[in-house]
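*Asks:* This is model.cif, which holds mmCIF, C-alpha atoms:
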```cif
data_upload
loop_
_atom_site.label_atom_id
_atom_site.label_comp_id
_atom_site.auth_asym_id
_atom_site.auth_seq_id
_atom_site.Cartn_x
_atom_site.Cartn_y
_atom_site.Cartn_z
CA MET A 1 -15.15 24.17 5.27
CA LYS A 2 -15.55 21.03 7.33
CA ASP A 3 -12.34 19.79 8.79
CA LEU A 4 -10.42 16.87 7.41
CA ALA A 5 -11.22 14.43 10.22
CA GLU A 6 -14.93 15.06 9.88
CA LYS A 7 -14.83 14.52 6.13
CA VAL A 8 -12.91 11.28 6.64
CA HIS A 9 -15.50 10.13 9.15
CA ASN A 10 -18.18 10.86 6.57
CA GLY A 11 -16.36 8.62 4.10
CA ASP A 12 -15.32 11.33 1.60
CA PRO A 13 -12.80 9.57 -0.69
CA ARG A 14 -10.74 12.67 -1.40
CA ALA A 15 -10.42 13.49 2.28
CA ILE A 16 -9.43 9.88 3.03
CA ALA A 17 -6.82 9.99 0.25
CA ARG A 18 -5.46 13.35 1.45
CA MET A 19 -5.20 12.29 5.03
CA ILE A 20 -3.36 9.11 4.07
CA THR A 21 -0.85 11.20 2.12
CA LEU A 22 -0.28 13.58 5.03
CA SER A 23 0.28 10.68 7.35
CA GLU A 24 2.57 8.92 4.89
CA ASN A 25 4.61 12.08 4.49
CA ASN A 26 4.87 12.38 8.26
CA ASP A 27 3.27 15.81 8.00
CA PRO A 28 2.31 17.37 11.37
CA LYS A 29 -1.04 18.34 9.82
CA ALA A 30 -1.97 14.68 10.04
CA PHE A 31 -1.43 14.49 13.81
CA ASP A 32 -4.42 16.66 14.71
CA ALA A 33 -6.75 14.81 12.39
CA MET A 34 -5.49 11.47 13.70
CA LYS A 35 -6.36 12.56 17.23
CA LYS A 36 -9.87 13.44 16.16
CA ILE A 37 -10.67 10.22 14.32
CA HIS A 38 -9.54 7.81 17.00
CA PRO A 39 -12.91 7.70 18.81
CA HIS A 40 -14.49 6.53 15.54
CA THR A 41 -12.17 3.55 15.13
CA GLY A 42 -12.19 -0.02 16.33
CA LYS A 43 -15.17 -1.32 14.37
CA ALA A 44 -13.50 -2.72 11.26
CA HIS A 45 -12.26 -6.28 10.97
CA ILE A 46 -8.59 -6.00 9.94
CA ILE A 47 -7.45 -8.83 7.67
CA GLY A 48 -3.77 -9.24 6.82
CA VAL A 49 -2.82 -11.06 3.64
CA THR A 50 0.80 -12.03 3.21
CA GLY A 51 2.81 -14.45 1.12
CA VAL A 52 5.53 -14.63 -1.48
CA MET A 53 5.52 -12.54 -4.63
CA GLY A 54 3.40 -14.06 -7.32
CA SER A 55 1.31 -16.19 -4.98
CA GLY A 56 -1.83 -14.42 -6.15
CA LYS A 57 -2.51 -12.22 -3.13
CA SER A 58 -3.96 -9.31 -5.11
CA THR A 59 -6.25 -11.55 -7.15
CA LEU A 60 -7.38 -13.29 -3.98
CA ILE A 61 -8.12 -9.95 -2.30
CA CYS A 62 -10.09 -8.84 -5.34
CA GLU A 63 -12.27 -11.97 -5.12
CA LEU A 64 -12.69 -11.71 -1.35
CA THR A 65 -13.75 -8.11 -1.74
CA ARG A 66 -16.30 -9.02 -4.38
CA ILE A 67 -18.01 -11.43 -1.96
CA PHE A 68 -17.80 -9.05 0.99
CA ARG A 69 -19.47 -6.43 -1.18
CA ARG A 70 -22.22 -8.86 -2.15
CA GLN A 71 -22.82 -9.33 1.55
CA GLY A 72 -23.22 -5.58 1.89
CA LYS A 73 -19.90 -4.87 3.57
CA THR A 74 -17.66 -1.95 2.63
CA VAL A 75 -13.97 -2.67 2.13
CA GLY A 76 -10.74 -0.71 2.43
CA ILE A 77 -7.61 -2.20 0.88
CA ILE A 78 -4.03 -1.21 1.66
CA ALA A 79 -1.57 -2.76 -0.79
CA ILE A 80 2.04 -2.44 0.35
CA ASP A 81 4.95 -3.03 -2.00
CA PRO A 82 8.64 -2.57 -1.33
CA THR A 83 10.31 0.82 -1.75
CA SER A 84 13.65 0.65 -3.56
CA PRO A 85 16.45 1.07 -1.04
CA PHE A 86 18.54 2.65 -3.80
CA SER A 87 16.31 5.29 -5.33
CA GLY A 88 13.62 5.64 -2.65
CA GLY A 89 11.09 5.15 -5.41
CA ALA A 90 8.59 2.34 -5.74
CA LEU A 91 6.58 0.62 -8.43
CA LEU A 92 3.20 -0.18 -6.92
CA GLY A 93 1.42 -2.66 -9.13
CA ASP A 94 -1.17 -4.39 -6.95
CA ARG A 95 -3.95 -2.23 -8.31
CA VAL A 96 -3.64 -3.90 -11.71
CA ARG A 97 -5.50 -6.95 -10.37
CA MET A 98 -8.09 -4.84 -8.59
CA MET A 99 -9.01 -2.20 -11.16
CA GLU A 100 -12.47 -3.64 -11.65
CA LEU A 101 -13.21 -2.75 -8.03
CA ALA A 102 -12.19 0.84 -8.64
CA MET A 103 -15.62 2.08 -9.66
CA ASP A 104 -17.37 0.64 -6.61
CA GLU A 105 -18.07 3.38 -4.06
CA GLY A 106 -17.95 0.85 -1.25
CA VAL A 107 -14.30 0.04 -1.95
CA PHE A 108 -11.25 2.22 -1.30
CA ILE A 109 -7.86 1.00 -2.51
CA ARG A 110 -4.56 2.60 -1.59
CA SER A 111 -1.09 1.51 -2.73
CA MET A 112 1.83 2.25 -0.46
CA GLY A 113 5.61 1.84 -0.58
CA THR A 114 7.40 0.52 2.49
CA ARG A 115 9.50 3.72 2.58
CA GLY A 116 12.46 2.26 4.38
CA MET A 117 10.63 0.24 7.03
CA LEU A 118 11.69 -3.34 7.52
CA GLY A 119 9.27 -6.11 8.38
CA GLY A 120 7.10 -5.69 5.27
CA LEU A 121 5.08 -2.76 6.54
CA THR A 122 5.33 1.00 6.22
CA SER A 123 5.34 3.07 9.40
CA ALA A 124 2.21 4.94 8.30
CA VAL A 125 0.20 1.74 8.01
CA TYR A 126 -1.16 2.02 11.57
CA ASP A 127 -2.54 5.44 10.68
CA VAL A 128 -3.96 4.25 7.38
CA VAL A 129 -5.78 1.36 9.06
CA GLU A 130 -7.27 3.84 11.54
CA ILE A 131 -8.24 6.23 8.76
CA LEU A 132 -10.07 3.55 6.75
CA ASP A 133 -11.66 2.19 9.92
CA ALA A 134 -12.88 5.67 10.92
CA SER A 135 -14.24 6.24 7.42
CA GLY A 136 -16.70 3.45 8.11
CA LYS A 137 -15.19 0.53 6.21
CA ASP A 138 -16.42 -2.77 7.66
CA ILE A 139 -13.38 -4.69 6.45
CA VAL A 140 -9.83 -3.41 6.06
CA ILE A 141 -7.47 -5.68 4.14
CA VAL A 142 -3.72 -5.12 4.39
CA GLU A 143 -1.61 -6.82 1.72
CA THR A 144 2.12 -7.21 2.32
CA VAL A 145 4.91 -9.18 0.76
CA GLY A 146 6.06 -11.82 3.21
CA VAL A 147 8.92 -13.84 1.82
CA GLY A 148 10.55 -15.53 4.73
CA GLN A 149 11.79 -14.93 8.16
CA ALA A 150 11.58 -11.19 8.62
CA GLU A 151 8.38 -9.88 7.17
CA VAL A 152 6.02 -10.86 9.95
CA ASP A 153 5.00 -7.44 11.28
CA ILE A 154 1.58 -7.82 9.71
CA ILE A 155 0.39 -9.68 12.83
CA LYS A 156 0.84 -6.52 14.88
CA ILE A 157 -1.96 -4.95 12.88
CA ALA A 158 -4.26 -7.66 11.61
CA ASP A 159 -6.99 -9.35 13.61
CA THR A 160 -6.89 -12.22 11.15
CA THR A 161 -3.75 -13.07 9.18
CA LEU A 162 -3.89 -15.12 5.99
CA VAL A 163 -0.65 -16.66 4.78
CA VAL A 164 -0.87 -17.44 1.08
CA VAL A 165 1.32 -20.19 -0.34
CA VAL A 166 1.42 -21.88 -3.72
CA PRO A 167 2.30 -25.48 -4.58
CA GLY A 168 5.83 -26.31 -5.57
CA LEU A 169 7.73 -23.69 -3.60
CA GLY A 170 9.83 -25.96 -1.46
CA ASP A 171 10.04 -29.08 0.60
CA SER A 172 9.10 -29.72 4.19
CA ILE A 173 12.17 -28.00 5.55
CA GLN A 174 10.90 -24.74 4.08
CA THR A 175 7.58 -25.03 5.89
CA LEU A 176 9.30 -25.69 9.19
CA LYS A 177 11.42 -22.58 8.95
CA ALA A 178 10.58 -19.86 11.39
CA GLY A 179 8.95 -16.66 10.30
CA VAL A 180 6.04 -16.17 7.96
CA MET A 181 4.87 -19.74 8.35
CA GLU A 182 4.35 -19.16 12.06
CA ILE A 183 1.99 -16.22 11.84
CA ALA A 184 -1.01 -17.67 10.01
CA ASP A 185 -4.51 -17.70 11.45
CA ILE A 186 -5.57 -19.30 8.17
CA TYR A 187 -3.39 -20.91 5.51
CA VAL A 188 -4.43 -20.39 1.93
CA VAL A 189 -3.01 -22.71 -0.71
CA ASN A 190 -3.71 -20.68 -3.83
CA LYS A 191 -3.28 -21.86 -7.44
CA SER A 192 -4.36 -25.25 -6.14
CA ASP A 193 -4.93 -26.55 -9.65
CA ARG A 194 -1.17 -26.77 -9.98
CA SER A 195 0.73 -30.00 -9.54
CA GLY A 196 2.19 -30.56 -6.12
CA VAL A 197 -0.85 -29.26 -4.30
CA ASN A 198 -1.37 -32.43 -2.27
CA GLN A 199 2.20 -32.37 -1.09
CA ALA A 200 1.96 -28.68 -0.17
CA VAL A 201 -1.24 -29.22 1.82
CA ALA A 202 0.16 -32.31 3.53
CA GLU A 203 3.26 -30.43 4.58
CA ILE A 204 1.29 -27.57 6.06
CA GLU A 205 -1.00 -30.07 7.76
CA SER A 206 1.91 -31.70 9.51
CA LEU A 207 3.20 -28.27 10.50
CA VAL A 208 -0.22 -27.41 11.91
CA ASP A 209 -0.32 -30.73 13.78
CA ILE A 210 2.91 -29.86 15.53
CA THR A 211 2.17 -26.20 16.31
CA CYS A 212 -1.48 -26.62 17.27
CA ALA A 213 -1.11 -29.81 19.30
CA ASP A 214 -1.79 -28.06 22.60
CA LYS A 215 -4.07 -25.28 21.33
CA ASP A 216 -7.85 -25.08 21.30
CA ARG A 217 -7.97 -23.90 17.69
CA LYS A 218 -6.50 -25.80 14.78
CA ILE A 219 -5.31 -23.52 11.96
CA PRO A 220 -7.41 -24.28 8.88
CA ILE A 221 -5.92 -24.80 5.43
CA ILE A 222 -8.07 -23.58 2.54
CA GLN A 223 -7.39 -24.41 -1.09
CA THR A 224 -8.25 -21.72 -3.60
CA ILE A 225 -7.88 -20.94 -7.28
CA ALA A 226 -8.41 -17.21 -7.05
CA ASN A 227 -8.46 -16.45 -10.77
CA GLN A 228 -11.23 -19.02 -11.24
CA LYS A 229 -13.08 -17.78 -8.15
CA LYS A 230 -12.78 -21.18 -6.50
CA GLY A 231 -12.59 -21.68 -2.74
CA ILE A 232 -13.32 -18.03 -1.97
CA SER A 233 -16.61 -18.59 -0.15
CA GLU A 234 -14.99 -21.27 2.01
CA LEU A 235 -12.21 -18.82 2.84
CA ILE A 236 -14.71 -16.12 3.80
CA GLU A 237 -16.45 -18.61 6.10
CA GLU A 238 -13.14 -19.39 7.83
CA ILE A 239 -12.40 -15.67 8.21
CA LYS A 240 -15.77 -15.20 9.91
CA LEU A 241 -15.22 -18.22 12.14
CA HIS A 242 -11.85 -16.82 13.16
CA LYS A 243 -13.39 -13.46 14.06
CA LYS A 244 -15.98 -15.30 16.17
CA TYR A 245 -13.23 -17.32 17.84
CA LEU A 246 -11.30 -14.12 18.62
CA THR A 247 -14.27 -12.40 20.18
CA GLU A 248 -15.40 -15.38 22.21
CA SER A 249 -11.94 -16.16 23.55
CA ASN A 250 -11.08 -12.53 24.41
CA ILE A 251 -8.01 -12.84 22.21
CA PHE A 252 -9.49 -10.03 20.14
CA GLU A 253 -9.01 -7.57 22.99
CA SER A 254 -5.46 -8.65 23.73
CA GLN A 255 -4.54 -8.48 20.04
CA ARG A 256 -5.94 -4.98 19.80
CA ARG A 257 -3.89 -3.98 22.82
CA MET A 258 -0.82 -5.35 21.08
CA ARG A 259 -1.61 -3.29 18.02
CA TYR A 260 -1.98 -0.10 20.00
CA GLN A 261 1.25 -0.83 21.79
CA ALA A 262 3.06 -1.25 18.47
CA GLU A 263 1.44 1.91 17.19
CA LEU A 264 2.41 3.89 20.27
CA VAL A 265 6.02 2.74 19.99
CA GLU A 266 6.00 3.69 16.31
CA ILE A 267 4.67 7.19 16.98
CA ILE A 268 7.08 7.84 19.83
CA GLN A 269 10.03 6.58 17.80
CA LYS A 270 9.08 8.73 14.83
CA ARG A 271 8.55 11.84 16.90
CA LEU A 272 11.69 11.39 18.95
CA MET A 273 13.72 11.04 15.77
CA ASN A 274 12.05 14.14 14.37
CA LEU A 275 12.78 16.00 17.56
CA ILE A 276 16.46 15.16 17.44
CA PHE A 277 17.27 15.18 13.76
CA ASP A 278 14.98 17.96 12.54
CA GLU A 279 15.79 20.63 15.04
CA GLU A 280 18.38 23.19 14.03
CA ARG A 281 19.79 23.40 17.53
CA PHE A 282 20.79 19.73 17.42
CA LYS A 283 22.31 19.72 13.97
CA GLU A 284 25.57 21.34 14.95
CA LYS A 285 25.81 19.36 18.12
CA ILE A 286 25.32 16.08 16.29
CA ASP A 287 27.89 16.98 13.65
CA ASP A 288 30.28 17.99 16.36
CA LEU A 289 29.75 14.75 18.27
CA ILE A 290 30.27 12.67 15.12
CA ASP A 291 33.60 14.43 14.57
CA LYS A 292 34.59 13.66 18.12
CA ILE A 293 33.61 9.99 17.79
CA ASN A 294 35.65 9.83 14.62
CA SER A 295 38.72 11.28 16.32
CA LYS A 296 38.25 9.00 19.35
CA GLU A 297 37.72 11.96 21.70
CA ILE A 298 34.41 10.45 22.72
CA ASP A 299 32.67 7.10 22.29
CA PRO A 300 29.26 6.69 20.61
CA TYR A 301 27.52 5.70 23.86
CA THR A 302 28.61 8.84 25.69
CA ALA A 303 27.63 10.89 22.65
CA ALA A 304 24.15 9.33 22.63
CA ASP A 305 23.83 10.08 26.35
CA GLU A 306 24.65 13.72 25.70
CA ILE A 307 22.00 14.04 23.00
CA LEU A 308 19.32 12.19 24.96
CA ASN A 309 20.00 14.21 28.08
CA SER A 310 19.47 17.47 26.24
CA VAL A 311 16.23 16.16 24.69
CA ILE A 312 14.79 15.10 28.02
CA LYS A 313 15.53 18.47 29.60
CA MET B 1 10.76 15.42 9.08
CA ILE B 2 8.24 15.72 6.30
CA ASP B 3 9.10 13.18 3.65
CA LYS B 4 7.14 14.02 0.55
CA LYS B 5 7.35 11.81 -2.52
CA ILE B 6 5.96 12.54 -5.93
CA ARG B 7 3.22 10.00 -6.69
CA VAL B 8 2.48 9.17 -10.32
CA LEU B 9 -0.37 7.12 -11.75
CA VAL B 10 0.64 5.44 -15.01
CA ALA B 11 -2.37 4.26 -16.98
CA LYS B 12 -3.26 2.80 -20.35
CA PRO B 13 -6.66 4.11 -21.41
CA GLY B 14 -8.59 2.39 -24.18
CA LEU B 15 -8.12 -0.82 -26.04
CA ASP B 16 -4.56 -1.12 -27.24
CA GLY B 17 -2.54 -3.80 -25.54
CA HIS B 18 0.97 -2.42 -25.77
CA ASP B 19 2.37 -1.37 -22.43
CA ARG B 20 6.09 -1.78 -22.98
CA GLY B 21 6.57 1.98 -23.21
CA ALA B 22 4.44 2.68 -20.14
CA LYS B 23 6.45 0.15 -18.16
CA VAL B 24 9.79 1.62 -19.26
CA VAL B 25 8.62 5.07 -18.17
CA ALA B 26 7.20 3.70 -14.90
CA ARG B 27 10.55 2.15 -14.12
CA ALA B 28 12.47 5.31 -14.93
CA LEU B 29 10.21 7.32 -12.63
CA ARG B 30 10.70 4.78 -9.86
CA ASP B 31 14.46 4.99 -10.32
CA SER B 32 14.26 8.74 -9.88
CA GLY B 33 12.66 8.27 -6.47
CA MET B 34 8.98 8.62 -7.33
CA GLU B 35 6.18 6.30 -6.24
CA VAL B 36 4.56 4.92 -9.36
CA ILE B 37 1.15 3.31 -9.29
CA TYR B 38 0.66 1.20 -12.38
CA THR B 39 -2.94 0.39 -13.30
CA GLY B 40 -2.51 -1.93 -16.25
CA LEU B 41 -4.28 -2.12 -19.58
CA HIS B 42 -7.75 -1.27 -20.85
CA GLN B 43 -8.74 1.48 -18.44
CA THR B 44 -11.71 3.79 -18.83
CA ALA B 45 -11.39 7.48 -18.00
CA ASP B 46 -13.63 6.92 -14.95
CA MET B 47 -11.42 4.16 -13.61
CA ILE B 48 -8.28 6.24 -14.07
CA VAL B 49 -9.75 9.28 -12.33
CA GLU B 50 -11.13 7.20 -9.47
CA ALA B 51 -7.68 5.64 -8.99
CA ALA B 52 -6.09 9.11 -9.11
CA ILE B 53 -8.41 10.26 -6.32
CA GLN B 54 -7.84 7.27 -4.05
CA GLU B 55 -4.09 7.23 -4.61
CA ASP B 56 -3.88 11.02 -4.19
CA VAL B 57 -1.37 11.29 -7.01
CA ASP B 58 0.44 14.42 -8.15
CA VAL B 59 0.75 13.27 -11.76
CA VAL B 60 -1.32 11.16 -14.17
CA GLY B 61 0.70 9.73 -17.06
CA LEU B 62 -1.30 8.30 -19.94
CA SER B 63 0.04 6.04 -22.66
CA LEU B 64 -1.90 5.29 -25.81
CA LEU B 65 -1.00 3.83 -29.17
CA SER B 66 -4.40 3.21 -30.70
CA GLY B 67 -5.09 6.69 -32.08
CA ALA B 68 -7.93 7.47 -29.70
CA HIS B 69 -5.91 10.03 -27.73
CA MET B 70 -8.05 13.01 -28.80
CA THR B 71 -11.00 11.36 -27.07
CA LEU B 72 -9.46 9.47 -24.17
CA PHE B 73 -6.70 11.86 -23.07
CA VAL B 74 -9.18 14.72 -23.18
CA ASP B 75 -11.81 12.70 -21.29
CA VAL B 76 -9.37 12.00 -18.46
CA ALA B 77 -8.24 15.64 -18.25
CA LYS B 78 -11.84 16.90 -18.21
CA LEU B 79 -13.01 14.39 -15.66
CA LEU B 80 -10.10 15.22 -13.36
CA LYS B 81 -11.07 18.87 -13.56
CA ASN B 82 -14.76 18.07 -12.94
CA LYS B 83 -13.86 16.12 -9.85
CA GLY B 84 -11.84 19.07 -8.55
CA LEU B 85 -8.40 17.63 -9.18
CA GLU B 86 -7.09 20.74 -10.96
CA ASP B 87 -3.74 20.42 -9.24
CA VAL B 88 -2.95 17.07 -10.86
CA LEU B 89 -0.42 17.29 -13.69
CA VAL B 90 -1.54 15.31 -16.76
CA ILE B 91 1.02 14.10 -19.28
CA GLY B 92 0.76 11.74 -22.22
CA GLY B 93 2.84 9.54 -24.44
CA GLY B 94 2.60 7.02 -27.23
CA ILE B 95 1.93 7.44 -30.92
CA ILE B 96 0.60 10.98 -31.05
CA PRO B 97 0.74 12.95 -34.35
CA GLU B 98 2.66 16.22 -34.10
CA GLU B 99 -0.37 18.31 -35.15
CA ASP B 100 -2.52 16.96 -32.29
CA ILE B 101 -0.14 18.08 -29.56
CA PRO B 102 -1.19 21.76 -29.45
CA LYS B 103 -4.85 20.71 -29.29
CA LEU B 104 -4.12 18.31 -26.43
CA LYS B 105 -2.23 21.03 -24.57
CA LYS B 106 -5.23 23.30 -24.90
CA GLU B 107 -7.36 20.59 -23.29
CA GLY B 108 -5.14 20.30 -20.23
CA ILE B 109 -2.52 17.72 -21.17
CA SER B 110 0.62 19.55 -20.07
CA ALA B 111 3.11 17.64 -22.18
CA VAL B 112 3.26 14.85 -24.73
CA PHE B 113 6.30 12.60 -25.01
CA GLY B 114 6.66 10.59 -28.19
CA PRO B 115 8.80 7.54 -29.00
CA GLY B 116 12.50 8.07 -28.43
CA THR B 117 12.09 10.64 -25.69
CA PRO B 118 14.90 10.18 -23.16
CA CYS B 119 13.37 9.16 -19.82
CA GLU B 120 15.35 11.87 -18.01
CA GLN B 121 13.37 14.45 -19.97
CA ILE B 122 10.10 13.11 -18.53
CA VAL B 123 11.55 12.98 -15.01
CA ASP B 124 12.78 16.57 -15.36
CA PHE B 125 9.45 17.78 -16.67
CA ILE B 126 7.59 16.24 -13.73
CA ASN B 127 10.02 17.59 -11.17
CA LYS B 128 9.71 21.10 -12.60
CA ASN B 129 5.97 21.17 -13.18
CA VAL B 130 4.42 19.19 -10.36
CA LYS B 131 1.81 21.46 -8.81
CA LYS B 132 1.22 20.21 -5.30
#
```
Output the file's structure as structure tokens, nothing else.

*Replies:*
Amino acid sequence: MKDLAEKVHNGDPRAIARMITLSENNDPKAFDAMKKIHPHTGKAHIIGVTGVMGSGKSTLICELTRIFRRQGKTVGIIAIDPTSPFSGGALLGDRVRMMELAMDEGVFIRSMGTRGMLGGLTSAVYDVVEILDASGKDIVIVETVGVGQAEVDIIKIADTTLVVVVPGLGDSIQTLKAGVMEIADIYVVNKSDRSGVNQAVAEIESLVDITCADKDRKIPIIQTIANQKKGISELIEEIKLHKKYLTESNIFESQRRMRYQAELVEIIQKRLMNLIFDEERFKEKIDDLIDKINSKEIDPYTAADEILNSVIK
Amino acid sequence: MIDKKIRVLVAKPGLDGHDRGAKVVARALRDSGMEVIYTGLHQTADMIVEAAIQEDVDVVGLSLLSGAHMTLFVDVAKLLKNKGLEDVLVIGGGIIPEEDIPKLKKEGISAVFGPGTPCEQIVDFINKNVKK
């Protein structure tokens, strides 16, 4: 039997699916395979799509994918939805808008829950991007819910970030707020047949005027009506132009470095936590220390020092 | 720490447009800590199986009210087996006549839950019978 990494590199959908699951479950079996696929990564263009719920992100991605496919490109899609903080379960519904892509061999769609991560991503997403990249997908699209100030982590992964807004969601104060509105490489005003579109575009324009005043690239604003397939080709053109801009300005390299830094931190964090909280030998010690903190025999900082010192040894 | 979650694909094969039941079940499964991938209406067996492969699910739950279950449920179960997904648990629900249930079980549908089934019963069944 060929090993998992090799099958993934050959684009075998079942191997890709399996490896994503292992990585999502934080299963050590994934680590080896991840090591092996890394040399095959780095070719895909990673596109992040974020925006409020109901802004039409999934429909937009479906239409983008259709055109990419017509241009002969293969596409991997990662659709992230929130995991319930109460039950740990998740209802992942982005596939509903993409089912017609399901039978196309050049498209691989995976739905993921955030599984407790803040920032709109799931900690396995770095792995999943690498897996789809290594499987030979030309484009990898990551869809996340970005509702406001916190869910901006998508920029750590994406080469090109699309922020999708819809008309009528708020006045100019909303667009000036920090957070999601700061991370766009391209703004998409979807559902642009709705009333209020001119106001929405004008507000983003004035935001762009302020933020891009001293920059060499002005962030474009594209109007789309995804469910009528309008504006999609224009959006694809802008995505390509952005990729060209990244490569020519060397920003591409520095962004990739940022992504690997974020990934490295993520892996180290995860493994350190595993090391401390999984190991039997620490369980008693941690319980004991918590008791002592509770009874004021020791303070939490000294307790943390004790644990870290024994890990480093 | 390995953090495994049961992943369930909930699908509506065929042409009926009633997904209230499927959504109620999907929600109950979510509330019991599972990851539920909902595919929406009007799915063919091929689409459902392809989604099951890509999403690497442990369970496929089918809901059907049109009467075509003997064809569509069986198609999905067969296709899953053909594609090598023997370890995926297949369950069904909807308007299924009592006398069809043994035949469906013979074809690889592990359980059929009709109207009025308490959601906990479905959750329990999945937890006890999931194969992976």

*Asks:* Please write as a VMD selection string the full residue list that the PyMOL selection byres ((chain A) within 10 of (chain B)) yields on this file.

*Replies:* chain A and resid 13 to 28 83 to 105 107 to 113 115 270 to 271 273 to 275 277 to 279

*Asks:* Could you list, as a list in words, every residue within 8 Å of Ile95 of chain B, counting all atoms listed in the file and ignoring same-chain residues fewer than 3 positions away?

*Replies:*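 Near neighbours after the sequence-gap exclusion: Leu64, Leu65, Ser66, Gly67, Gly114 and Pro115 of chain B.
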
*Asks:* At a cut-off of 7 Å from (-4.6, 6.2, -22.2) in the coordinates of the file, what residues are picked up using only C-alpha atoms, written as a PyMOL selection string?

*Replies:* chain B and resi 11-14+62-64+69+72-73

*Asks:* Identify all residues satisfying the PyMOL selection byres ((chain A and resi 6) around 10) in the given file; provide them as a list in words.

*Replies:* Lys2, Asp3, Leu4, Ala5, Lys7, Val8, His9, Asn10, Gly11, Asp12, Ala15, Ala33, Lys36, Ile37, Ala134 and Ser135 of chain A

*Asks:* Calculate, to one decimal in Å, the centre and edge lengths of the box along x, y and z of the file that holds all listed atoms of segment 26-35 of chain B with 3 Å of margin on each side, and present them as JSON.

*Replies:*
```
{"center_x": 10.3, "center_y": 5.4, "center_z": -10.6, "size_x": 14.3, "size_y": 12.6, "size_z": 14.7}
```

*Asks:* Looking at A:Val49, A:Ile307, A:Ile186, A:Val128, which one is nearest to Glu151 of chain A, with distances taken over all atoms listed in the file?

*Replies:*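 Among the listed residues, A:Val49 lies closest to Glu151 of chain A.
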
*Asks:* Mind telling me what the PyMOL selection byres ((chain B and resi 89) around 12) catches here, as a PyMOL selection string?

*Replies:* chain B and resi 6-10+52+56-62+76-77+80-81+85-88+90-92+105+108-112+125-132

*Asks:* Using atom CA of Thr50 of chain A and atom CA of Thr144 of chain A as the two end points, give the distance in Å to one decimal.

*Replies:*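 Going from atom CA of Thr50 of chain A over to atom CA of Thr144 of chain A, I get 5.1 Å.
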
*Asks:* Kindly give the distance, in Å, that separates atom CA of Ile232 of chain A and atom CA of Val165 of chain A, rounded to a single decimal.

*Replies:* 14.9 Å

*Asks:* Identify the residues around (3.8, -17.7, 9.6) within a radius of 9 Å, measuring from all atoms listed in the file in the coordinates stated by the file, and give them as a PyMOL selection string.

*Replies:* chain A and resi 146+148-149+152+161-163+178-185+187

*Asks:* Kindly export the residues of the current selection with C-alpha atoms, as a PDB file, keeping the file's coordinate frame.

*Replies:*
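Once written, again-v1.pdb looks like this:
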```
ATOM      1  CA  GLY A 146       6.060 -11.820   3.210  1.00  0.00           C
ATOM      2  CA  GLY A 148      10.550 -15.530   4.730  1.00  0.00           C
ATOM      3  CA  GLN A 149      11.790 -14.930   8.160  1.00  0.00           C
ATOM      4  CA  VAL A 152       6.020 -10.860   9.950  1.00  0.00           C
ATOM      5  CA  THR A 161      -3.750 -13.070   9.180  1.00  0.00           C
ATOM      6  CA  LEU A 162      -3.890 -15.120   5.990  1.00  0.00           C
ATOM      7  CA  VAL A 163      -0.650 -16.660   4.780  1.00  0.00           C
ATOM      8  CA  ALA A 178      10.580 -19.860  11.390  1.00  0.00           C
ATOM      9  CA  GLY A 179       8.950 -16.660  10.300  1.00  0.00           C
ATOM     10  CA  VAL A 180       6.040 -16.170   7.960  1.00  0.00           C
ATOM     11  CA  MET A 181       4.870 -19.740   8.350  1.00  0.00           C
ATOM     12  CA  GLU A 182       4.350 -19.160  12.060  1.00  0.00           C
ATOM     13  CA  ILE A 183       1.990 -16.220  11.840  1.00  0.00           C
ATOM     14  CA  ALA A 184      -1.010 -17.670  10.010  1.00  0.00           C
ATOM     15  CA  ASP A 185      -4.510 -17.700  11.450  1.00  0.00           C
ATOM     16  CA  TYR A 187      -3.390 -20.910   5.510  1.00  0.00           C
TER      17      TYR A 187
END
```

*Asks:* Pick out the closest residue to Glu99 of chain B from this set: B:Ala45, B:Ala22, B:Val123, B:Met70. Count all atoms listed in the file.

*Replies:* B:Met70

*Asks:* Rank nothing, just name the residue among B:Phe113, B:Leu104, B:Gly94, B:Gln121 nearest to Arg20 of chain B, using all atoms listed in the file.

*Replies:*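 Checking each of B:Phe113, B:Leu104, B:Gly94, B:Gln121 against Arg20 of chain B, counting all atoms listed in the file, the winner is B:Gly94.
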
*Asks:* Could you tell me how far atom CA of His45 of chain A sits from atom CA of Lys244 of chain A, in Å to one decimal place?

*Replies:* 11.1 Å
